[in-house]
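Listing of data.cif, mmCIF, C-alpha atoms
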data_final
#
loop_
_atom_site.label_atom_id
_atom_site.label_comp_id
_atom_site.auth_asym_id
_atom_site.auth_seq_id
_atom_site.Cartn_x
_atom_site.Cartn_y
_atom_site.Cartn_z
CA MET A 1 -174.90 -143.37 -67.79
CA ASP A 2 -172.04 -141.56 -66.11
CA PRO A 3 -171.41 -142.91 -62.60
CA VAL A 4 -172.06 -139.51 -61.02
CA ILE A 5 -175.55 -139.35 -62.54
CA ARG A 6 -176.26 -142.91 -61.44
CA LEU A 7 -175.17 -141.97 -57.93
CA LEU A 8 -177.31 -138.83 -58.00
CA ARG A 9 -180.36 -140.89 -58.93
CA GLU A 10 -179.67 -143.27 -56.05
CA LEU A 11 -179.45 -140.34 -53.62
CA VAL A 12 -182.66 -138.72 -54.89
CA ALA A 13 -184.50 -142.04 -54.53
CA VAL A 14 -183.94 -141.94 -50.75
CA ASN A 15 -186.45 -139.98 -48.68
CA SER A 16 -184.30 -137.77 -46.45
CA VAL A 17 -186.82 -135.05 -45.58
CA ASN A 18 -185.74 -133.13 -42.49
CA PRO A 19 -187.90 -134.27 -39.54
CA THR A 20 -187.57 -130.95 -37.76
CA LEU A 21 -189.25 -129.28 -40.73
CA VAL A 22 -191.79 -132.06 -41.32
CA PRO A 23 -192.69 -133.99 -38.16
CA GLY A 24 -192.64 -137.72 -38.81
CA ALA A 25 -190.27 -137.47 -41.78
CA PRO A 26 -187.54 -140.14 -41.81
CA GLY A 27 -184.51 -137.87 -41.67
CA GLU A 28 -181.03 -138.81 -42.82
CA ARG A 29 -180.36 -142.28 -41.43
CA GLU A 30 -181.01 -144.20 -44.67
CA ILE A 31 -179.13 -141.80 -46.91
CA ALA A 32 -176.20 -141.73 -44.49
CA SER A 33 -176.03 -145.51 -44.79
CA LEU A 34 -175.99 -145.22 -48.59
CA VAL A 35 -173.21 -142.61 -48.49
CA ALA A 36 -171.15 -144.67 -46.06
CA HIS A 37 -171.53 -147.88 -48.08
CA THR A 38 -170.66 -146.07 -51.33
CA MET A 39 -167.62 -144.27 -49.95
CA GLY A 40 -166.37 -147.45 -48.29
CA GLY A 41 -166.69 -149.15 -51.67
CA PHE A 42 -164.41 -146.50 -53.14
CA GLY A 43 -161.77 -147.47 -50.58
CA LEU A 44 -162.09 -144.48 -48.26
CA ASP A 45 -162.06 -144.68 -44.47
CA VAL A 46 -165.59 -143.92 -43.26
CA GLN A 47 -166.95 -142.67 -39.93
CA VAL A 48 -170.66 -142.35 -39.14
CA THR A 49 -171.51 -140.24 -36.09
CA GLU A 50 -174.95 -139.37 -34.78
CA CYS A 51 -175.58 -135.66 -34.17
CA ALA A 52 -179.04 -136.48 -32.79
CA PRO A 53 -180.99 -139.76 -32.63
CA GLY A 54 -181.36 -141.10 -36.16
CA ARG A 55 -179.48 -138.17 -37.68
CA PRO A 56 -175.89 -139.18 -38.54
CA ASN A 57 -173.09 -137.30 -40.23
CA THR A 58 -170.99 -139.39 -42.61
CA VAL A 59 -167.32 -138.47 -43.03
CA ALA A 60 -165.02 -140.28 -45.45
CA VAL A 61 -161.27 -139.70 -45.74
CA LEU A 62 -158.86 -140.27 -48.61
CA GLU A 63 -155.30 -140.11 -47.28
CA GLY A 64 -152.40 -139.08 -49.50
CA ARG A 65 -149.11 -140.93 -49.64
CA ARG A 66 -147.26 -138.18 -47.81
CA PRO A 67 -148.20 -135.28 -45.53
CA GLY A 68 -149.78 -132.22 -47.06
CA PRO A 69 -152.75 -129.86 -46.85
CA THR A 70 -156.26 -131.07 -46.00
CA LEU A 71 -159.16 -130.18 -48.28
CA MET A 72 -162.79 -130.76 -47.31
CA PHE A 73 -165.83 -131.19 -49.53
CA CYS A 74 -169.04 -130.71 -47.58
CA GLY A 75 -172.71 -131.10 -48.45
CA HIS A 76 -175.98 -131.67 -46.64
CA VAL A 77 -178.16 -134.71 -47.28
CA ASP A 78 -181.44 -133.51 -45.76
CA THR A 79 -184.17 -131.93 -47.89
CA VAL A 80 -187.25 -129.83 -47.36
CA GLY A 81 -190.71 -131.38 -47.57
CA VAL A 82 -192.48 -132.73 -50.62
CA ALA A 83 -196.04 -131.39 -50.33
CA GLY A 84 -197.58 -130.97 -53.79
CA MET A 85 -195.04 -133.20 -55.56
CA ASP A 86 -196.30 -136.20 -57.53
CA ALA A 87 -193.28 -138.53 -57.28
CA PRO A 88 -190.56 -136.72 -55.33
CA PHE A 89 -188.33 -139.77 -54.80
CA THR A 90 -188.56 -141.13 -58.35
CA PRO A 91 -185.61 -139.53 -60.16
CA ILE A 92 -186.44 -138.76 -63.78
CA GLU A 93 -183.78 -137.84 -66.33
CA LYS A 94 -184.92 -136.00 -69.43
CA HIS A 95 -183.70 -133.16 -71.64
CA GLY A 96 -180.34 -133.12 -69.90
CA ARG A 97 -181.85 -132.70 -66.44
CA VAL A 98 -182.46 -134.88 -63.40
CA TYR A 99 -185.74 -134.19 -61.57
CA GLY A 100 -186.73 -135.03 -58.00
CA ARG A 101 -186.68 -133.68 -54.46
CA GLY A 102 -183.13 -132.73 -53.58
CA ALA A 103 -181.87 -133.11 -57.16
CA GLN A 104 -180.55 -129.56 -57.06
CA ASP A 105 -180.58 -128.84 -53.32
CA MET A 106 -178.25 -130.50 -52.85
CA LYS A 107 -177.87 -134.16 -53.70
CA SER A 108 -176.26 -133.20 -57.02
CA GLY A 109 -173.46 -131.47 -55.13
CA VAL A 110 -173.14 -134.42 -52.77
CA ALA A 111 -172.97 -136.83 -55.71
CA ALA A 112 -170.31 -134.65 -57.39
CA MET A 113 -168.05 -134.56 -54.33
CA MET A 114 -168.48 -138.28 -53.68
CA ASP A 115 -167.71 -139.20 -57.28
CA ALA A 116 -164.72 -136.86 -57.33
CA ALA A 117 -163.31 -139.03 -54.54
CA ARG A 118 -163.99 -142.12 -56.64
CA LEU A 119 -162.05 -140.65 -59.57
CA LEU A 120 -159.12 -139.87 -57.30
CA ALA A 121 -159.14 -143.27 -55.62
CA GLU A 122 -159.34 -145.16 -58.93
CA SER A 123 -156.52 -143.09 -60.44
CA GLY A 124 -154.12 -144.01 -57.65
CA GLY A 125 -155.19 -141.68 -54.86
CA LEU A 126 -153.53 -138.49 -53.71
CA ASP A 127 -149.79 -137.93 -53.86
CA ALA A 128 -150.01 -135.81 -50.71
CA GLY A 129 -152.40 -134.35 -48.22
CA ARG A 130 -155.86 -135.49 -47.28
CA LEU A 131 -159.34 -135.18 -48.73
CA ILE A 132 -162.37 -135.20 -46.41
CA ILE A 133 -165.84 -135.89 -47.79
CA ALA A 134 -168.47 -134.76 -45.27
CA ALA A 135 -172.17 -135.50 -45.76
CA VAL A 136 -173.96 -133.63 -42.98
CA VAL A 137 -177.48 -133.43 -41.60
CA ASP A 138 -179.97 -130.65 -40.87
CA GLU A 139 -178.74 -127.75 -43.00
CA GLU A 140 -182.34 -127.01 -43.96
CA HIS A 141 -183.17 -126.12 -40.35
CA SER A 142 -180.44 -125.34 -37.83
CA SER A 143 -177.26 -127.08 -39.10
CA ILE A 144 -176.61 -129.38 -36.18
CA GLY A 145 -174.60 -131.50 -38.62
CA ALA A 146 -172.17 -128.75 -39.58
CA ASP A 147 -171.80 -127.71 -35.94
CA ALA A 148 -170.88 -131.29 -35.01
CA LEU A 149 -168.55 -131.58 -38.00
CA VAL A 150 -166.35 -128.61 -37.09
CA ALA A 151 -166.19 -129.78 -33.48
CA ASP A 152 -164.39 -132.95 -34.63
CA TRP A 153 -162.73 -132.12 -37.96
CA GLN A 154 -160.44 -129.40 -39.27
CA ALA A 155 -159.19 -128.61 -42.76
CA ASP A 156 -157.06 -126.05 -44.54
CA ALA A 157 -159.89 -125.20 -46.95
CA ALA A 158 -163.35 -126.40 -47.89
CA VAL A 159 -165.80 -126.38 -50.77
CA VAL A 160 -169.48 -126.56 -49.88
CA THR A 161 -171.19 -127.96 -52.97
CA GLU A 162 -174.44 -125.99 -52.75
CA PRO A 163 -176.16 -125.23 -56.09
CA THR A 164 -174.48 -122.10 -57.43
CA GLY A 165 -174.81 -122.71 -61.18
CA LEU A 166 -171.05 -123.39 -61.22
CA GLU A 167 -170.32 -119.91 -59.88
CA ILE A 168 -167.67 -119.73 -57.16
CA ALA A 169 -169.44 -117.97 -54.31
CA VAL A 170 -167.06 -116.46 -51.77
CA GLY A 171 -169.73 -115.19 -49.41
CA HIS A 172 -173.38 -115.20 -48.47
CA LYS A 173 -175.89 -113.45 -46.26
CA GLY A 174 -176.84 -114.40 -42.73
CA PHE A 175 -180.24 -114.34 -41.07
CA ALA A 176 -181.91 -113.66 -37.74
CA TRP A 177 -185.40 -114.59 -36.54
CA VAL A 178 -187.14 -112.31 -34.06
CA GLU A 179 -190.47 -112.78 -32.29
CA VAL A 180 -192.55 -109.76 -31.23
CA ASP A 181 -195.46 -109.96 -28.77
CA VAL A 182 -197.88 -107.05 -28.43
CA LEU A 183 -200.37 -107.02 -25.57
CA GLY A 184 -203.88 -105.58 -25.52
CA THR A 185 -206.86 -105.84 -23.19
CA ALA A 186 -209.65 -108.30 -23.85
CA ALA A 187 -213.18 -106.87 -23.85
CA HIS A 188 -216.57 -107.34 -25.47
CA GLY A 189 -216.58 -105.99 -28.99
CA SER A 190 -219.33 -103.54 -28.09
CA ARG A 191 -217.29 -101.89 -25.33
CA PRO A 192 -214.39 -99.99 -26.91
CA ALA A 193 -213.65 -98.09 -23.73
CA ASP A 194 -212.79 -101.35 -21.99
CA GLY A 195 -210.61 -102.92 -24.71
CA GLU A 196 -207.18 -102.43 -26.22
CA ASP A 197 -206.77 -103.99 -29.67
CA ALA A 198 -203.43 -105.85 -29.75
CA ILE A 199 -203.69 -106.53 -33.48
CA LEU A 200 -204.14 -102.87 -34.39
CA ARG A 201 -201.25 -102.04 -32.08
CA MET A 202 -199.14 -104.62 -33.89
CA GLY A 203 -199.89 -102.57 -37.00
CA ARG A 204 -197.77 -99.79 -35.52
CA VAL A 205 -194.84 -102.22 -35.31
CA LEU A 206 -195.41 -103.40 -38.88
CA ARG A 207 -195.44 -99.82 -40.16
CA HIS A 208 -192.01 -99.16 -38.64
CA LEU A 209 -190.64 -102.49 -39.86
CA GLU A 210 -191.75 -101.69 -43.40
CA ALA A 211 -189.98 -98.35 -43.19
CA LEU A 212 -186.85 -100.02 -41.86
CA ASP A 213 -186.90 -102.53 -44.72
CA ARG A 214 -187.10 -99.71 -47.27
CA GLU A 215 -184.23 -97.93 -45.53
CA LEU A 216 -182.07 -101.06 -45.46
CA GLN A 217 -182.51 -101.52 -49.18
CA THR A 218 -181.43 -97.96 -49.94
CA ARG A 219 -178.11 -98.32 -48.11
CA PRO A 220 -174.91 -98.73 -50.16
CA PRO A 221 -174.95 -102.36 -51.30
CA HIS A 222 -172.34 -105.00 -50.66
CA ALA A 223 -170.42 -105.58 -53.88
CA LEU A 224 -171.53 -109.23 -54.19
CA LEU A 225 -174.53 -109.58 -51.89
CA GLY A 226 -176.59 -106.42 -52.24
CA THR A 227 -178.33 -105.06 -49.15
CA GLY A 228 -179.87 -106.37 -45.99
CA SER A 229 -183.64 -106.80 -45.80
CA LEU A 230 -186.44 -107.97 -43.55
CA HIS A 231 -189.92 -109.40 -43.89
CA ALA A 232 -192.83 -110.34 -41.66
CA SER A 233 -193.01 -114.13 -41.84
CA VAL A 234 -195.84 -115.28 -39.56
CA ILE A 235 -198.47 -113.30 -37.66
CA GLU A 236 -201.30 -114.38 -35.40
CA GLY A 237 -203.66 -112.92 -32.83
CA GLY A 238 -207.20 -112.69 -31.57
CA ARG A 239 -209.66 -115.24 -30.26
CA GLU A 240 -213.09 -114.52 -31.77
CA LEU A 241 -214.91 -111.95 -33.88
CA SER A 242 -216.78 -110.17 -31.09
CA SER A 243 -213.86 -109.68 -28.72
CA TYR A 244 -211.00 -107.22 -28.52
CA PRO A 245 -207.77 -109.21 -29.02
CA ASP A 246 -205.51 -109.18 -25.98
CA HIS A 247 -202.46 -110.56 -27.79
CA ALA A 248 -200.79 -110.49 -31.20
CA ARG A 249 -197.56 -112.23 -32.17
CA LEU A 250 -195.25 -111.62 -35.11
CA GLN A 251 -192.33 -113.77 -36.21
CA MET A 252 -190.02 -112.01 -38.65
CA GLU A 253 -186.77 -112.60 -40.47
CA ARG A 254 -183.92 -110.17 -41.03
CA ARG A 255 -181.34 -111.03 -43.72
CA THR A 256 -177.93 -109.71 -42.73
CA LEU A 257 -174.68 -108.89 -44.51
CA PRO A 258 -171.38 -110.49 -43.46
CA GLN A 259 -170.27 -107.40 -41.55
CA GLU A 260 -173.49 -107.30 -39.50
CA PRO A 261 -173.85 -109.29 -36.26
CA VAL A 262 -176.88 -111.52 -35.78
CA SER A 263 -177.84 -109.32 -32.82
CA VAL A 264 -178.58 -106.37 -35.12
CA ALA A 265 -182.11 -107.64 -35.81
CA LEU A 266 -183.21 -107.70 -32.17
CA GLU A 267 -181.52 -104.35 -31.55
CA GLU A 268 -183.46 -102.78 -34.43
CA VAL A 269 -186.78 -104.17 -33.21
CA ASP A 270 -186.11 -103.11 -29.61
CA ALA A 271 -185.42 -99.58 -30.84
CA ILE A 272 -188.77 -99.55 -32.65
CA LEU A 273 -190.61 -100.76 -29.54
CA ASP A 274 -188.86 -98.18 -27.36
CA GLY A 275 -189.98 -95.44 -29.72
CA LEU A 276 -193.58 -96.66 -29.71
CA ARG A 277 -193.62 -96.68 -25.91
CA LEU A 278 -192.46 -93.06 -25.89
CA GLU A 279 -195.29 -92.15 -28.28
CA ASP A 280 -197.89 -94.02 -26.21
CA PRO A 281 -197.15 -95.09 -22.60
CA THR A 282 -200.00 -97.63 -22.81
CA PHE A 283 -198.22 -99.52 -25.60
CA ARG A 284 -197.03 -102.88 -24.28
CA ALA A 285 -194.74 -105.12 -26.29
CA LYS A 286 -191.60 -107.21 -26.04
CA ALA A 287 -189.24 -108.88 -28.49
CA ARG A 288 -186.90 -111.82 -28.29
CA GLY A 289 -184.33 -113.33 -30.59
CA MET A 290 -185.36 -116.79 -31.77
CA PHE A 291 -182.41 -118.03 -33.82
CA GLY A 292 -179.84 -116.69 -36.22
CA ARG A 293 -176.70 -117.35 -38.18
CA ALA A 294 -174.06 -114.85 -39.21
CA GLY A 295 -173.20 -114.25 -42.83
CA TYR A 296 -169.80 -115.15 -44.22
CA GLU A 297 -167.27 -113.83 -46.70
CA LEU A 298 -163.88 -115.03 -47.89
CA PRO A 299 -161.75 -112.48 -49.75
CA ALA A 300 -161.98 -113.16 -53.48
CA GLU A 301 -158.20 -112.96 -53.74
CA HIS A 302 -157.76 -115.89 -51.33
CA GLU A 303 -155.90 -118.82 -52.90
CA LEU A 304 -158.93 -121.16 -52.69
CA PRO A 305 -161.31 -119.31 -55.04
CA GLN A 306 -158.41 -118.37 -57.29
CA MET A 307 -157.23 -121.98 -57.58
CA LEU A 308 -160.79 -123.19 -58.12
CA ALA A 309 -161.28 -120.62 -60.88
CA ASP A 310 -158.17 -121.94 -62.66
CA VAL A 311 -159.48 -125.48 -62.25
CA VAL A 312 -162.92 -124.65 -63.65
CA LEU A 313 -161.27 -123.16 -66.72
CA HIS A 314 -159.03 -126.23 -67.01
CA VAL A 315 -162.01 -128.64 -67.10
CA GLY A 316 -163.93 -126.64 -69.68
CA GLY A 317 -166.01 -124.23 -67.61
CA ARG A 318 -166.24 -120.46 -67.44
CA PRO A 319 -165.16 -119.40 -63.96
CA GLN A 320 -167.07 -116.61 -62.28
CA ILE A 321 -166.70 -115.40 -58.69
CA GLY A 322 -169.77 -114.08 -56.92
CA GLY A 323 -171.91 -114.39 -53.81
CA ALA A 324 -175.06 -116.17 -52.69
CA SER A 325 -178.18 -114.65 -51.17
CA PHE A 326 -179.05 -117.75 -49.12
CA TRP A 327 -177.35 -118.93 -45.92
CA THR A 328 -175.26 -122.14 -45.99
CA ASP A 329 -173.04 -124.36 -43.88
CA ALA A 330 -170.04 -122.56 -45.39
CA ALA A 331 -170.52 -119.97 -42.65
CA VAL A 332 -170.21 -122.64 -39.94
CA LEU A 333 -167.00 -123.92 -41.52
CA GLY A 334 -165.64 -120.44 -42.17
CA HIS A 335 -166.27 -119.16 -38.67
CA ALA A 336 -164.57 -122.31 -37.33
CA GLY A 337 -161.39 -121.32 -39.16
CA ILE A 338 -161.82 -123.28 -42.40
CA PRO A 339 -161.67 -120.95 -45.43
CA SER A 340 -164.67 -121.97 -47.54
CA VAL A 341 -166.39 -121.28 -50.83
CA LEU A 342 -169.59 -122.49 -52.45
CA PHE A 343 -169.44 -124.31 -55.78
CA GLY A 344 -172.06 -126.61 -57.20
CA PRO A 345 -174.26 -127.44 -60.19
CA GLY A 346 -177.12 -125.35 -61.50
CA GLY A 347 -180.76 -126.05 -62.06
CA ALA A 348 -184.08 -124.70 -60.84
CA GLY A 349 -186.93 -125.28 -58.43
CA LEU A 350 -185.26 -124.91 -55.04
CA HIS A 351 -187.86 -125.88 -52.42
CA SER A 352 -190.57 -125.95 -55.11
CA THR A 353 -192.83 -128.69 -56.47
CA GLU A 354 -190.65 -129.21 -59.57
CA GLU A 355 -186.94 -129.37 -58.81
CA TYR A 356 -184.18 -130.30 -61.21
CA VAL A 357 -180.44 -130.09 -61.77
CA THR A 358 -178.59 -129.80 -65.07
CA SER A 359 -176.75 -133.07 -65.72
CA ALA A 360 -173.82 -131.46 -67.56
CA ASP A 361 -173.22 -129.19 -64.57
CA VAL A 362 -172.97 -132.20 -62.27
CA LEU A 363 -170.27 -133.76 -64.46
CA LEU A 364 -168.27 -130.54 -64.70
CA CYS A 365 -168.58 -129.97 -60.97
CA ARG A 366 -167.33 -133.50 -60.26
CA ASN A 367 -164.37 -133.08 -62.61
CA ALA A 368 -163.47 -129.69 -61.14
CA LEU A 369 -163.58 -130.98 -57.58
CA ALA A 370 -161.30 -133.92 -58.42
CA GLU A 371 -158.77 -131.64 -60.10
CA LEU A 372 -158.94 -129.14 -57.24
CA ALA A 373 -158.13 -131.88 -54.74
CA ARG A 374 -155.11 -132.97 -56.79
CA ARG A 375 -153.73 -129.45 -56.91
CA PHE A 376 -154.60 -128.23 -53.43
CA CYS A 377 -153.46 -131.30 -51.52
CA ASN A 378 -150.21 -131.43 -53.45
CA LYS A 379 -149.24 -127.76 -53.18
#
Rewritten as structure tokens:
Amino acid sequence: MDPVIRLLRELVAVNSVNPTLVPGAPGEREIASLVAHTMGGFGLDVQVTECAPGRPNTVAVLEGRRPGPTLMFCGHVDTVGVAGMDAPFTPIEKHGRVYGRGAQDMKSGVAAMMDAARLLAESGGLDAGRLIIAAVVDEEHSSIGADALVADWQADAAVVTEPTGLEIAVGHKGFAWVEVDVLGTAAHGSRPADGEDAILRMGRVLRHLEALDRELQTRPPHALLGTGSLHASVIEGGRELSSYPDHARLQMERRTLPQEPVSVALEEVDAILDGLRLEDPTFRAKARGMFGRAGYELPAEHELPQMLADVVLHVGGRPQIGGASFWTDAAVLGHAGIPSVLFGPGGAGLHSTEEYVTSADVLLCRNALAELARRFCNK
């Protein structure tokens, strides 16, 4: 078994479900210990720093023999939950795939970047520059790990090893969460003159949001990322069958393009509510921004994706530059001044009950990362 596949299986075997997503889940402490022990065994200098209680980032450094550029490989070690999975932490390898929670998202990428450092260390290290291996927490929720990482570490470029199917992704969308509250008036269900139905009034908001979503998706698309979009994620309201509901709440998500600010979502919703108030002065509603992250894009002609494309070809792959629909920590790094791309193995089953990664992709990713470090740090 190739060492990178053995390492991947060890990582998958550790329960690192994000405790913010699943209350009571163990989080990243155990897997951080495994990463630190493994990287220390490769001869790298290792630092473990808590971003929150029990939630440590692990950063390992391979120093070159003379000064030069710094390259960072970054990946998250938390996963989503495992409801509906039979044996999520028992890695199974069959038909050229490794199955288990996090196998694709993204312990395969973490294994590839870690084992790339091993290859470099065992072949005599770096002639110049510095390689940083960062295993961070909490990407699946609010990225407190990446935020803490860029507060303490800087690099000239970074590769975030998210699962891209070995495509070099130079950008991805952002997102914004907005909460909308619509007020009604509680009354007995037999007395319509006394009640105002908050749920029906929320329907007015939903009608305008649906129209906005259609309009967003007819705008000229981004060359790599398509269009923005929105959807209603969670809705609740009412107290009992025989009463007019006095409150309805909607939580929605807006997916944004790199040129759009996170604030655009709340601005769009506020405009809808303002219009509804003009139509009906009795309409009462308010909106607030919950959380959001901006999208990110690195010009495709930047030296990092171009060098990585040459490297992928060199190690036997077929380089392709594209974009990703999902948000990643690359945006945190990029907005902190570290030019970043996504590059990782392929597979299927992200966040589903059957998740796997293609073993051959993991090997090629590992080999490409090692060669990239040699070239970039020595340029």
Distance in Å - CA of His172 (chain A) versus CA of Ile338 (chain A):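 A separation of 15.4 Å between them.
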Output of the PyMOL selection byres ((chain A and resi 264-276) around 7), listed as JSON, numbers by chain: {"A": [176, 178, 208, 254, 260, 261, 262, 263, 277, 278, 279, 280, 283, 285, 287, 288, 289]}
Point-to-point distance from CA of Pro339 (chain A) to CA of Ala169 (chain A), Å rounded to tenths: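 So the two atoms, CA of Pro339 (chain A) and CA of Ala169 (chain A), lie 12.2 Å apart.
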Hits from the PyMOL selection byres ((chain A and resi 31) around 9), listed as a list in words: Leu11, Val14, Asn15, Ser16, Gly27, Glu28, Arg29, Glu30, Ala32, Ser33, Leu34, Val35, Ala36, Val77 and Asp78 of chain A
Matched chain/residue IDs from the PyMOL selection byres ((chain A and resi 139) around 10), as a list of chain:residue names: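 This file, filtered by the PyMOL selection byres ((chain A and resi 139) around 10), leaves A:Asn18, A:Gly75, A:His76, A:Val77, A:Asp78, A:Thr79, A:Val80, A:Val136, A:Val137, A:Asp138, A:Glu140, A:His141, A:Ser142, A:Ser143, A:Ile144, A:Gly145, A:Ala146, A:Asp147, A:Trp327, A:Thr328, A:Asp329.
Residues with any atom within 9 Å of region 229-240 of chain A, counting only C-alpha atoms and excluding same-chain neighbours fewer than 3 positions away, are Asp197, Ala198, Ile199, Leu206, Leu209, Glu210, Leu212, Asp213, Arg214, Glu215, Leu216, Gln217, Ser243, Tyr244, Pro245, Asp246, His247, Ala248, Arg249, Leu250, Gln251, Met252, Glu253, Arg254, Arg255, Thr256 and Ala265 of chain A.
If only C-alpha atoms are the atoms counted, then among A:Gly292, A:Pro19, A:Pro163, A:Gly125 the closest residue to Arg55 (chain A) is A:Pro19.
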7 Å contact set for Leu369 (chain A), all atoms listed in the file, chain neighbours under 4 positions out, as a list in words: Met113, Ala116, Cys365 and Ala373 of chain A
Residues within 9 Å of region 58-69 of chain A, only C-alpha atoms, excluding chain neighbours under 3 positions, as an NGL selection string: :A and (32-33 or 35-36 or 39-40 or 43-50 or 117 or 120-121 or 125-137 or 149 or 155-157 or 376-379)
